[in-house]
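Below you'll find the structure, written out as structure tokens, and then a few comments.
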Amino acid sequence: VDARTNAVQNNDYLRFLNEVKRYNPSDACLQAIADRTTQAGWPDGSLWGLTDPSCADTLTKAAADKSSAWNALFSCVLNQAFSTCAAYIPPQ
């Protein structure tokens with residue numbers, strides 16, 4: 001339980017969140033990501049949160065941004081089951 005609660009402090013989660021914020025997500029989207037991350041942990045919860053309808057515009061913009069190191073991850077989440085996408089998290 002502690003690992004899930006502390007997931008929102010994980011360095012990779014924070015990098016992911018900073019990247020998501022580049023695409024001007026709604027407060028509802030950010031809340032969905034935080035809630036799912038706390039519920040399921042990083043990265044599954046975060047990617048699950050990104051599939052929330054409130055994140056649809058953000059995810060579409062992020063997947064279209066070919067210049068981002070995170071593009072493969074966002075494209076995967078957009079087109080495949082989010083649970084298969086953790087392999088696309090870019091290394092630090």
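Naming scheme: A, B, ... for chains in displayed order of the structure tokens; residues 1 onward per chain; ligands 1 onward as shown.
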
Residues near Thr84 of chain A, anyone? I mean within 12 Å using only C-alpha atoms, not counting same-chain ones fewer than 5 positions away, as a compact mmCIF listing (two decimals) with N, CA, C and O atoms, in the first residue's frame.
```
# COMPACT_ATOMS: atom_id res chain seq x y z
N PRO A 43 4.01 2.37 -13.16
CA PRO A 43 3.45 3.21 -14.21
C PRO A 43 2.01 2.84 -14.59
O PRO A 43 1.35 3.61 -15.26
N ASP A 44 1.56 1.66 -14.16
CA ASP A 44 0.24 1.21 -14.62
C ASP A 44 -0.87 2.20 -14.28
O ASP A 44 -1.71 2.51 -15.12
N LEU A 47 -0.59 5.44 -16.53
CA LEU A 47 -1.02 5.22 -17.91
C LEU A 47 -2.52 4.97 -17.97
O LEU A 47 -3.19 5.40 -18.91
N TRP A 48 -3.06 4.31 -16.96
CA TRP A 48 -4.50 4.10 -16.86
C TRP A 48 -5.20 5.47 -16.75
O TRP A 48 -6.17 5.73 -17.44
N ALA A 72 6.67 7.54 -28.21
CA ALA A 72 6.33 6.12 -28.35
C ALA A 72 5.39 5.68 -27.23
O ALA A 72 4.46 4.91 -27.47
N LEU A 73 5.60 6.19 -26.03
CA LEU A 73 4.72 5.85 -24.91
C LEU A 73 3.32 6.39 -25.16
O LEU A 73 2.33 5.65 -25.05
N PHE A 74 3.21 7.66 -25.51
CA PHE A 74 1.90 8.26 -25.73
C PHE A 74 1.18 7.60 -26.91
O PHE A 74 -0.02 7.36 -26.86
N SER A 75 1.91 7.29 -27.96
CA SER A 75 1.32 6.61 -29.12
C SER A 75 0.81 5.22 -28.72
O SER A 75 -0.27 4.80 -29.16
N CYS A 76 1.58 4.54 -27.91
CA CYS A 76 1.17 3.22 -27.44
C CYS A 76 -0.11 3.32 -26.63
O CYS A 76 -1.07 2.58 -26.86
N VAL A 77 -0.17 4.26 -25.68
CA VAL A 77 -1.37 4.42 -24.84
C VAL A 77 -2.57 4.78 -25.70
O VAL A 77 -3.69 4.31 -25.45
N LEU A 78 -2.36 5.56 -26.73
CA LEU A 78 -3.45 5.97 -27.62
C LEU A 78 -3.99 4.79 -28.43
O LEU A 78 -5.19 4.69 -28.66
N ASN A 79 -3.09 3.88 -28.84
CA ASN A 79 -3.47 2.85 -29.80
C ASN A 79 -3.52 1.42 -29.27
O ASN A 79 -3.98 0.53 -29.99
N ILE A 89 8.59 3.74 -21.75
CA ILE A 89 9.00 4.86 -20.89
C ILE A 89 10.47 5.15 -21.19
O ILE A 89 11.31 4.27 -21.09
```

Practice prompt. One decimal, Å: what's the distance from atom CA of Asp12 of chain A over to atom CA of Gly45 of chain A, could you say?
Written response: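 The value is 12.7 Å.
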
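With only C-alpha atoms as the atoms that count, the minimum distance from Pro91 of chain A to the choices A:Asn24, A:Phe16, A:Ser54, A:Ile33 is reached by A:Phe16.
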
Discussion item. Measuring between only C-alpha atoms, which one of A:Thr51, A:Ser46, A:Asn18, A:Thr37 shows the shortest distance to Ala86 of chain A?
Written reply: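 Closest residue, counting only C-alpha atoms: A:Ser46.
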
Discussion item. At a cut-off of 12 Å, using only C-alpha atoms, what residues contact Gln92 of chain A? Leave out same-chain residues fewer than 4 positions from it and give the result as a ChimeraX atom specification.
Written reply: /A:11-16,69-70

Go through segment 7-46 of chain A and collect every residue that DSSP, computed from the backbone, puts in alpha helix (DSSP H); the answer should be as a PDB file with N, CA and C atoms, in the first residue's frame.
```
ATOM      1  N   ASN A  11      10.361   9.391  -9.194  1.00  0.00           N
ATOM      2  CA  ASN A  11      11.031  10.280 -10.155  1.00  0.00           C
ATOM      3  C   ASN A  11      10.527  10.093 -11.585  1.00  0.00           C
ATOM      4  N   ASP A  12      10.299   8.843 -11.990  1.00  0.00           N
ATOM      5  CA  ASP A  12       9.794   8.603 -13.340  1.00  0.00           C
ATOM      6  C   ASP A  12       8.374   9.141 -13.483  1.00  0.00           C
ATOM      7  N   TYR A  13       7.557   8.992 -12.456  1.00  0.00           N
ATOM      8  CA  TYR A  13       6.205   9.558 -12.486  1.00  0.00           C
ATOM      9  C   TYR A  13       6.277  11.074 -12.643  1.00  0.00           C
ATOM     10  N   LEU A  14       7.163  11.706 -11.899  1.00  0.00           N
ATOM     11  CA  LEU A  14       7.291  13.169 -11.970  1.00  0.00           C
ATOM     12  C   LEU A  14       7.774  13.618 -13.347  1.00  0.00           C
ATOM     13  N   ARG A  15       8.684  12.863 -13.950  1.00  0.00           N
ATOM     14  CA  ARG A  15       9.124  13.170 -15.325  1.00  0.00           C
ATOM     15  C   ARG A  15       7.948  13.034 -16.285  1.00  0.00           C
ATOM     16  N   PHE A  16       7.177  11.952 -16.129  1.00  0.00           N
ATOM     17  CA  PHE A  16       5.995  11.716 -16.951  1.00  0.00           C
ATOM     18  C   PHE A  16       5.001  12.863 -16.794  1.00  0.00           C
ATOM     19  N   LEU A  17       4.744  13.256 -15.572  1.00  0.00           N
ATOM     20  CA  LEU A  17       3.788  14.320 -15.302  1.00  0.00           C
ATOM     21  C   LEU A  17       4.244  15.642 -15.924  1.00  0.00           C
ATOM     22  N   ASN A  18       5.530  15.939 -15.823  1.00  0.00           N
ATOM     23  CA  ASN A  18       6.058  17.157 -16.459  1.00  0.00           C
ATOM     24  C   ASN A  18       5.850  17.121 -17.968  1.00  0.00           C
ATOM     25  N   GLU A  19       6.029  15.953 -18.567  1.00  0.00           N
ATOM     26  CA  GLU A  19       5.817  15.824 -20.010  1.00  0.00           C
ATOM     27  C   GLU A  19       4.343  15.999 -20.348  1.00  0.00           C
ATOM     28  N   VAL A  20       3.464  15.390 -19.583  1.00  0.00           N
ATOM     29  CA  VAL A  20       2.019  15.541 -19.820  1.00  0.00           C
ATOM     30  C   VAL A  20       1.631  17.014 -19.726  1.00  0.00           C
ATOM     31  N   LYS A  21       2.186  17.722 -18.771  1.00  0.00           N
ATOM     32  CA  LYS A  21       1.838  19.134 -18.573  1.00  0.00           C
ATOM     33  C   LYS A  21       2.236  20.010 -19.757  1.00  0.00           C
ATOM     34  N   ASP A  27      -7.468  20.191 -15.471  1.00  0.00           N
ATOM     35  CA  ASP A  27      -7.318  19.798 -14.072  1.00  0.00           C
ATOM     36  C   ASP A  27      -7.908  18.407 -13.845  1.00  0.00           C
ATOM     37  N   ALA A  28      -9.001  18.109 -14.534  1.00  0.00           N
ATOM     38  CA  ALA A  28      -9.632  16.794 -14.401  1.00  0.00           C
ATOM     39  C   ALA A  28      -8.697  15.684 -14.883  1.00  0.00           C
ATOM     40  N   CYS A  29      -7.972  15.944 -15.955  1.00  0.00           N
ATOM     41  CA  CYS A  29      -7.006  14.978 -16.471  1.00  0.00           C
ATOM     42  C   CYS A  29      -5.892  14.743 -15.458  1.00  0.00           C
ATOM     43  N   LEU A  30      -5.325  15.818 -14.950  1.00  0.00           N
ATOM     44  CA  LEU A  30      -4.253  15.686 -13.960  1.00  0.00           C
ATOM     45  C   LEU A  30      -4.738  14.945 -12.722  1.00  0.00           C
ATOM     46  N   GLN A  31      -5.977  15.214 -12.317  1.00  0.00           N
ATOM     47  CA  GLN A  31      -6.533  14.532 -11.152  1.00  0.00           C
ATOM     48  C   GLN A  31      -6.743  13.048 -11.438  1.00  0.00           C
ATOM     49  N   ALA A  32      -7.206  12.720 -12.640  1.00  0.00           N
ATOM     50  CA  ALA A  32      -7.399  11.318 -13.018  1.00  0.00           C
ATOM     51  C   ALA A  32      -6.071  10.565 -12.984  1.00  0.00           C
ATOM     52  N   ILE A  33      -5.024  11.188 -13.493  1.00  0.00           N
ATOM     53  CA  ILE A  33      -3.702  10.554 -13.491  1.00  0.00           C
ATOM     54  C   ILE A  33      -3.224  10.353 -12.054  1.00  0.00           C
ATOM     55  N   ALA A  34      -3.346  11.379 -11.222  1.00  0.00           N
ATOM     56  CA  ALA A  34      -2.905  11.275  -9.823  1.00  0.00           C
ATOM     57  C   ALA A  34      -3.714  10.218  -9.079  1.00  0.00           C
ATOM     58  N   ASP A  35      -5.022  10.205  -9.279  1.00  0.00           N
ATOM     59  CA  ASP A  35      -5.877   9.232  -8.585  1.00  0.00           C
ATOM     60  C   ASP A  35      -5.522   7.802  -8.973  1.00  0.00           C
ATOM     61  N   ARG A  36      -5.373   7.558 -10.253  1.00  0.00           N
ATOM     62  CA  ARG A  36      -5.054   6.198 -10.718  1.00  0.00           C
ATOM     63  C   ARG A  36      -3.639   5.787 -10.308  1.00  0.00           C
ATOM     64  N   THR A  37      -2.723   6.746 -10.286  1.00  0.00           N
ATOM     65  CA  THR A  37      -1.355   6.431  -9.859  1.00  0.00           C
ATOM     66  C   THR A  37      -1.354   6.025  -8.391  1.00  0.00           C
ATOM     67  N   THR A  38      -2.097   6.743  -7.584  1.00  0.00           N
ATOM     68  CA  THR A  38      -2.190   6.401  -6.160  1.00  0.00           C
ATOM     69  C   THR A  38      -2.879   5.050  -5.988  1.00  0.00           C
ATOM     70  N   GLN A  39      -3.868   4.784  -6.816  1.00  0.00           N
ATOM     71  CA  GLN A  39      -4.631   3.545  -6.719  1.00  0.00           C
ATOM     72  C   GLN A  39      -3.826   2.326  -7.163  1.00  0.00           C
ATOM     73  N   ALA A  40      -3.142   2.442  -8.289  1.00  0.00           N
ATOM     74  CA  ALA A  40      -2.488   1.268  -8.881  1.00  0.00           C
ATOM     75  C   ALA A  40      -0.970   1.349  -8.907  1.00  0.00           C
ATOM     76  N   ASP A  44       1.559   1.657 -14.162  1.00  0.00           N
ATOM     77  CA  ASP A  44       0.238   1.215 -14.616  1.00  0.00           C
ATOM     78  C   ASP A  44      -0.868   2.205 -14.282  1.00  0.00           C
ATOM     79  N   GLY A  45      -0.863   2.729 -13.078  1.00  0.00           N
ATOM     80  CA  GLY A  45      -1.899   3.678 -12.695  1.00  0.00           C
ATOM     81  C   GLY A  45      -1.822   4.965 -13.491  1.00  0.00           C
ATOM     82  N   SER A  46      -0.622   5.444 -13.731  1.00  0.00           N
ATOM     83  CA  SER A  46      -0.453   6.695 -14.479  1.00  0.00           C
ATOM     84  C   SER A  46      -0.936   6.548 -15.914  1.00  0.00           C
TER      85      SER A  46
END
```
